Structure formats: C-alpha cells, structure tokens
Amino acid sequence: DLMKKFLVIISLVCASFAADKKEPSIADSGTLALMVNGRKVATEHFTMKQGTAGNSVSSTLDFDDGKTKAQQQSELEVGADGSFKRYVWQEVQPGKARITAEPQDKTFIAVREKSSDAAENKETLHPLDVSTITIVDTNFYSHVEVLMWRYLAMSCANGSCKFAVQKFPIFVPYQELAQLFTLSYVGNDAIHTAGGAKHASKLRVQTENGDIDVWMDGFKMMRLKLPGAVEVV
C-alpha cells in the first residue's frame with residue numbers, strides 16, 4: 001500500500017547515513033521524456049547513486065524539436081547529511097558552455113560560468129544556506145525527484161506519514177535564480193502507464209512560475225505536469 005511505499009522511500013533516503021558500502025550503489029535510474037503539446041522534444045537519461053560520502057545525480061539531456069539539436073550534461077553532488085556539495089552543468093553541443101556551483105562556505109555558493117572553453121570564468125557569489133538549499137536546474141527533471149525524496153523524508157517517520165505544507169529553498173544555477181518552492185501532498189491518484197493503470201501519490205509544487213504536479217509510484221517519479229501544455233513522463 002501507499003504507506004509501505006513511503007516507508008521504503010524513507011529507508012532509501014536515509015540509507016546513505018548508515019551505509020557501510022565503500023562503493024556507491026544505484027538508488028534509481030531511468031529516462032524522462034519532455035513533451036510539449038503531446039510531442040516529445042527532449043529526453044533526459046539519469047542515474048542516482050548513494051554512498052557513504054554522499055549522493056550524486058548524473059544526467060544527460062538530448063533536445064531535438066525538429067529545428068534545433070542540443071545536448072547538455074549535469075552532475076549534482078549532495079552530502080550524506082543532505083547538504084549541497086557541488087553542481088556542474090556543461091553544454092556538449094552546439095556550444096561548450098560550462099557552469100560550476102559549489103559552496104564558498106556554509107552560507108555562500110560560488111557560481112563560475114564559462115561561455116566557451118577559451119572564455120574566462122565569470123564568478124558570482126550567492127548568499128544561500130548550503131545545508132538546506134536544493135538544486136533544481138532548468139530541464140533536468142531528475143532534480144525534482146530528489147526534491148520529492150526530501151519532502152517525503154520530512155513527512156514520514158516512526159511508521160507513519162503526516163503530510164504538511166513545506167517550503168524548500170531552491171537554486172537554479174543556470175539562471176542564478178533563488179526562490180522558495182512550496183510542496184504539499186494532494187492525495188492518491190490513478191495514472192496510465194505502458195503497463196496499465198497505476199495508483200500513484202500526487203504531490204504539488206508551487207513556484208513563482210506556476211504549479212507543478214508530480215505523480216510518484218513509491219520513490220519513482222512517474223509523471224510531471226507543468227504550466228502550459230508541458231509534461232514529463
């Protein structure tokens with residue numbers, strides 16, 4: 001049932017705190033399709049790993065809308081305590097831009113940006129709490145799954161789940177944008193998948209640019225509905 005699935009989530013999210021494996025293990029991996037007006041325009045392949053030193057999310061985004069082709073890669077590193085450690089975004093094609101974000105200290109994040117391999121670094125500092133900030137970069141929707149895990153981990157403990165509205169500080173390195181996301185549990189909902197109908201947990205993310213609805217099957221993100229005619233499946 002849903003309660004058992006949530007408790008599985010909590011054990012997975014907290015596993016890195018007490019893990020005794022030296023090599024990171026894969027917590028989740030998969031492919032997300034970005035659909036606009038029912039037409040696929042991008043695909044994200046991602047792998048999430050857990051280890052004693054922390055967790056990581058590696059993603060590759062391939063964009064092709066019939067007119068423009070592009071490929072981007074990202075690597076997010078989070079400490080075993082959930083604190084932000086490092087984020088790298090790079091353009092593979094058509095350009096070679098690169099962005100690196102990492103803590104300057106516990107209260108500042110340094111963002112270094114290069115528009116090309118030959119360009120000089122442009123560096124900016126952002127006053128952000130490294131222990132609480134969550135990275136959700138543009139078009140990398142695996143980051144949303146990480147945010148869902150954090151929300152569920154805060155909501156479930158001692159064999160039960162109490163879903164309250166929670167606010168999370170978010171940082172988008174690509175836009176150098178910080179804002180608050182408000183998360184809430186909507187309820188149980190049915191979704192259609194390739195394997196047939198499934199009951200999923202529906203969560204809502206309120207942002208400055210509109211609401212995002214997220215459907216989770218246990219700890220796996222199944223679907224996102226974004227403002228406008230945009231979906232991720």
# chains A, B, ... in the order shown; residues from 1 in each chain; ligands from 1
>>> residues_around(residues="Arg150 in chain A", least_positions_apart="2", cutoff="10 Å", atoms="only C-alpha atoms", output="PyMOL selection string")
chain A and resi 9-10+13+82+134+144-148+152-155+168
>>> residues_around(residues="Lys40 in chain A", least_positions_apart="5", cutoff="10 Å", atoms="only C-alpha atoms", output="number ranges by chain")
A: 33-35, 63-65, 230-233
>>> closest_residue(among="A:Leu125, A:Val165, A:Met48, A:Cys156", to="Asp105 in chain A", atoms="only C-alpha atoms")
A:Leu125
>>> residues_around(residues="Ser142 in chain A", least_positions_apart="2", cutoff="9 Å", atoms="only C-alpha atoms", output="JSON, numbers by chain")
{"A": [32, 44, 45, 46, 47, 48, 57, 58, 59, 136, 139, 140, 144, 145, 146, 147, 221]}
>>> closest_residue(among="A:Lys167, A:Lys49, A:Arg86, A:Arg223", to="Ile135 in chain A", atoms="only C-alpha atoms")
A:Arg86
>>> residues_around(residues="Gln90 in chain A", least_positions_apart="2", cutoff="7 Å", atoms="only C-alpha atoms", output="ChimeraX atom specification")
/A:72-74,88,92,96-99
>>> write_last_selection(atoms="all heavy atoms", output="tab-separated table (two decimals), in the first residue's frame")
chain	number	residue	atom	x	y	z
A	72	GLN	N	23.14	18.49	-23.31
A	72	GLN	CA	23.70	19.03	-22.09
A	72	GLN	C	23.92	17.90	-21.09
A	72	GLN	O	23.24	16.87	-21.14
A	72	GLN	CB	22.76	20.07	-21.47
A	72	GLN	CG	22.41	21.23	-22.38
A	72	GLN	CD	21.31	22.10	-21.81
A	72	GLN	OE1	20.88	21.91	-20.67
A	72	GLN	NE2	20.84	23.06	-22.61
A	73	GLN	N	24.85	18.10	-20.17
A	73	GLN	CA	25.11	17.13	-19.12
A	73	GLN	C	25.17	17.86	-17.78
A	73	GLN	O	25.52	19.04	-17.71
A	73	GLN	CB	26.44	16.41	-19.36
A	73	GLN	CG	26.45	15.54	-20.61
A	73	GLN	CD	27.81	14.90	-20.87
A	73	GLN	OE1	28.83	15.34	-20.33
A	73	GLN	NE2	27.83	13.88	-21.70
A	74	SER	N	24.81	17.14	-16.71
A	74	SER	CA	24.90	17.74	-15.39
A	74	SER	C	25.29	16.67	-14.36
A	74	SER	O	25.02	15.48	-14.54
A	74	SER	CB	23.57	18.38	-14.98
A	74	SER	OG	22.58	17.40	-14.73
A	88	VAL	N	27.75	20.67	-11.48
A	88	VAL	CA	28.41	21.02	-12.74
A	88	VAL	C	27.43	20.82	-13.88
A	88	VAL	O	26.82	19.75	-14.01
A	88	VAL	CB	29.67	20.17	-12.98
A	88	VAL	CG1	30.30	20.52	-14.34
A	88	VAL	CG2	30.69	20.38	-11.87
A	92	VAL	N	27.33	20.15	-24.37
A	92	VAL	CA	28.12	19.28	-25.25
A	92	VAL	C	28.02	19.75	-26.69
A	92	VAL	O	29.01	19.80	-27.42
A	92	VAL	CB	27.65	17.82	-25.12
A	92	VAL	CG1	28.46	16.91	-26.05
A	92	VAL	CG2	27.78	17.35	-23.68
A	96	LYS	N	30.01	25.01	-26.01
A	96	LYS	CA	30.82	24.37	-24.98
A	96	LYS	C	30.76	25.16	-23.67
A	96	LYS	O	31.75	25.24	-22.93
A	96	LYS	CB	32.28	24.25	-25.44
A	96	LYS	CG	32.49	23.36	-26.65
A	96	LYS	CD	32.15	21.91	-26.35
A	96	LYS	CE	32.38	21.03	-27.59
A	96	LYS	NZ	32.00	19.61	-27.33
A	97	ALA	N	29.60	25.73	-23.38
A	97	ALA	CA	29.46	26.49	-22.14
A	97	ALA	C	29.54	25.55	-20.93
A	97	ALA	O	29.23	24.36	-21.03
A	97	ALA	CB	28.14	27.25	-22.14
A	98	ARG	N	29.94	26.12	-19.78
A	98	ARG	CA	30.10	25.31	-18.57
A	98	ARG	C	29.79	26.16	-17.35
A	98	ARG	O	30.20	27.32	-17.28
A	98	ARG	CB	31.53	24.76	-18.49
A	98	ARG	CG	31.81	23.87	-17.28
A	98	ARG	CD	33.26	23.43	-17.29
A	98	ARG	NE	33.63	22.67	-16.10
A	98	ARG	CZ	33.55	21.35	-16.00
A	98	ARG	NH1	33.11	20.64	-17.04
A	98	ARG	NH2	33.92	20.72	-14.90
A	99	ILE	N	29.07	25.58	-16.40
A	99	ILE	CA	28.74	26.27	-15.15
A	99	ILE	C	29.09	25.33	-13.99
A	99	ILE	O	28.72	24.16	-13.99
A	99	ILE	CB	27.25	26.65	-15.07
A	99	ILE	CG1	26.91	27.69	-16.15
A	99	ILE	CG2	26.91	27.19	-13.68
A	99	ILE	CD1	25.43	27.98	-16.26
>>> decode(residues="range 215-230 of chain A", atoms="all heavy atoms", output="short mmCIF file (atom, residue, chain, number, x, y, z; two decimals), in the first residue's frame")
data_model
loop_
_atom_site.label_atom_id
_atom_site.label_comp_id
_atom_site.auth_asym_id
_atom_site.auth_seq_id
_atom_site.Cartn_x
_atom_site.Cartn_y
_atom_site.Cartn_z
N TRP A 215 3.53 12.99 -9.90
CA TRP A 215 2.97 11.71 -9.52
C TRP A 215 4.12 10.74 -9.21
O TRP A 215 5.01 10.54 -10.05
CB TRP A 215 2.10 11.13 -10.63
CG TRP A 215 0.78 11.82 -10.79
CD1 TRP A 215 -0.43 11.41 -10.29
CD2 TRP A 215 0.50 13.03 -11.51
NE1 TRP A 215 -1.43 12.29 -10.65
CE2 TRP A 215 -0.89 13.30 -11.40
CE3 TRP A 215 1.30 13.93 -12.24
CZ2 TRP A 215 -1.49 14.41 -11.99
CZ3 TRP A 215 0.71 15.03 -12.82
CH2 TRP A 215 -0.68 15.26 -12.69
N MET A 216 4.09 10.16 -8.00
CA MET A 216 5.14 9.26 -7.55
C MET A 216 4.57 7.86 -7.34
O MET A 216 3.53 7.69 -6.70
CB MET A 216 5.75 9.76 -6.23
CG MET A 216 6.37 11.13 -6.28
SD MET A 216 7.96 11.18 -7.13
CE MET A 216 8.98 10.24 -5.99
N ASP A 217 5.27 6.85 -7.86
CA ASP A 217 4.96 5.45 -7.57
C ASP A 217 6.04 4.96 -6.61
O ASP A 217 7.12 4.57 -7.02
CB ASP A 217 4.94 4.61 -8.85
CG ASP A 217 4.66 3.14 -8.58
OD1 ASP A 217 4.08 2.83 -7.52
OD2 ASP A 217 5.02 2.29 -9.41
N GLY A 218 5.73 5.03 -5.32
CA GLY A 218 6.78 4.76 -4.33
C GLY A 218 7.81 5.88 -4.38
O GLY A 218 7.47 7.05 -4.24
N PHE A 219 9.07 5.51 -4.63
CA PHE A 219 10.11 6.54 -4.70
C PHE A 219 10.45 6.90 -6.15
O PHE A 219 11.38 7.68 -6.40
CB PHE A 219 11.38 6.07 -3.96
CG PHE A 219 12.11 4.94 -4.62
CD1 PHE A 219 13.18 5.20 -5.46
CD2 PHE A 219 11.74 3.62 -4.40
CE1 PHE A 219 13.86 4.16 -6.07
CE2 PHE A 219 12.42 2.59 -5.01
CZ PHE A 219 13.49 2.85 -5.84
N LYS A 220 9.70 6.36 -7.11
CA LYS A 220 9.97 6.67 -8.51
C LYS A 220 8.98 7.71 -9.03
O LYS A 220 7.77 7.59 -8.85
CB LYS A 220 9.86 5.40 -9.37
CG LYS A 220 11.04 4.46 -9.20
CD LYS A 220 10.92 3.28 -10.15
CE LYS A 220 12.15 2.38 -10.06
NZ LYS A 220 13.34 3.02 -10.66
N MET A 221 9.51 8.72 -9.68
CA MET A 221 8.69 9.75 -10.28
C MET A 221 8.15 9.25 -11.61
O MET A 221 8.91 8.82 -12.48
CB MET A 221 9.52 11.02 -10.47
CG MET A 221 8.74 12.24 -10.91
SD MET A 221 9.77 13.71 -10.85
CE MET A 221 10.96 13.34 -12.15
N MET A 222 6.81 9.29 -11.77
CA MET A 222 6.17 8.73 -12.96
C MET A 222 5.76 9.79 -13.97
O MET A 222 5.78 9.57 -15.17
CB MET A 222 4.95 7.91 -12.55
CG MET A 222 5.24 6.78 -11.58
SD MET A 222 6.38 5.56 -12.25
CE MET A 222 5.38 4.85 -13.55
N ARG A 223 5.38 10.96 -13.46
CA ARG A 223 4.83 11.98 -14.37
C ARG A 223 4.90 13.35 -13.71
O ARG A 223 4.77 13.46 -12.50
CB ARG A 223 3.37 11.64 -14.71
CG ARG A 223 2.68 12.62 -15.63
CD ARG A 223 1.23 12.22 -15.87
NE ARG A 223 0.52 13.23 -16.65
CZ ARG A 223 -0.72 13.64 -16.40
NH1 ARG A 223 -1.40 13.12 -15.40
NH2 ARG A 223 -1.29 14.56 -17.15
N LEU A 224 5.13 14.37 -14.53
CA LEU A 224 5.05 15.76 -14.09
C LEU A 224 4.16 16.52 -15.06
O LEU A 224 4.23 16.31 -16.27
CB LEU A 224 6.42 16.45 -14.07
CG LEU A 224 7.48 15.99 -13.08
CD1 LEU A 224 8.32 14.89 -13.68
CD2 LEU A 224 8.36 17.18 -12.70
N LYS A 225 3.35 17.41 -14.51
CA LYS A 225 2.55 18.31 -15.34
C LYS A 225 2.96 19.71 -14.99
O LYS A 225 2.82 20.17 -13.86
CB LYS A 225 1.06 18.11 -15.07
CG LYS A 225 0.15 19.03 -15.87
CD LYS A 225 0.17 18.67 -17.35
CE LYS A 225 -0.83 19.51 -18.14
NZ LYS A 225 -0.43 20.95 -18.21
N LEU A 226 3.51 20.43 -15.99
CA LEU A 226 3.99 21.78 -15.78
C LEU A 226 3.00 22.80 -16.34
O LEU A 226 2.09 22.43 -17.11
CB LEU A 226 5.37 21.95 -16.45
CG LEU A 226 6.52 21.19 -15.79
CD1 LEU A 226 6.63 19.78 -16.33
CD2 LEU A 226 7.82 21.93 -15.98
N PRO A 227 3.18 24.07 -15.99
CA PRO A 227 2.28 25.09 -16.56
C PRO A 227 2.29 25.07 -18.08
O PRO A 227 3.33 24.83 -18.71
CB PRO A 227 2.87 26.40 -16.02
CG PRO A 227 3.56 26.02 -14.74
CD PRO A 227 4.11 24.64 -15.01
N GLY A 228 1.13 25.27 -18.69
CA GLY A 228 1.02 25.18 -20.13
C GLY A 228 0.86 23.74 -20.55
O GLY A 228 0.54 22.86 -19.76
N ALA A 229 1.11 23.46 -21.79
CA ALA A 229 0.94 22.10 -22.32
C ALA A 229 2.24 21.33 -22.28
O ALA A 229 2.69 20.76 -23.28
CB ALA A 229 0.40 22.18 -23.75
N VAL A 230 2.87 21.30 -21.11
CA VAL A 230 4.17 20.65 -20.94
C VAL A 230 4.04 19.50 -19.94
O VAL A 230 3.52 19.69 -18.85
CB VAL A 230 5.25 21.64 -20.47
CG1 VAL A 230 6.59 20.95 -20.35
CG2 VAL A 230 5.34 22.82 -21.42
#
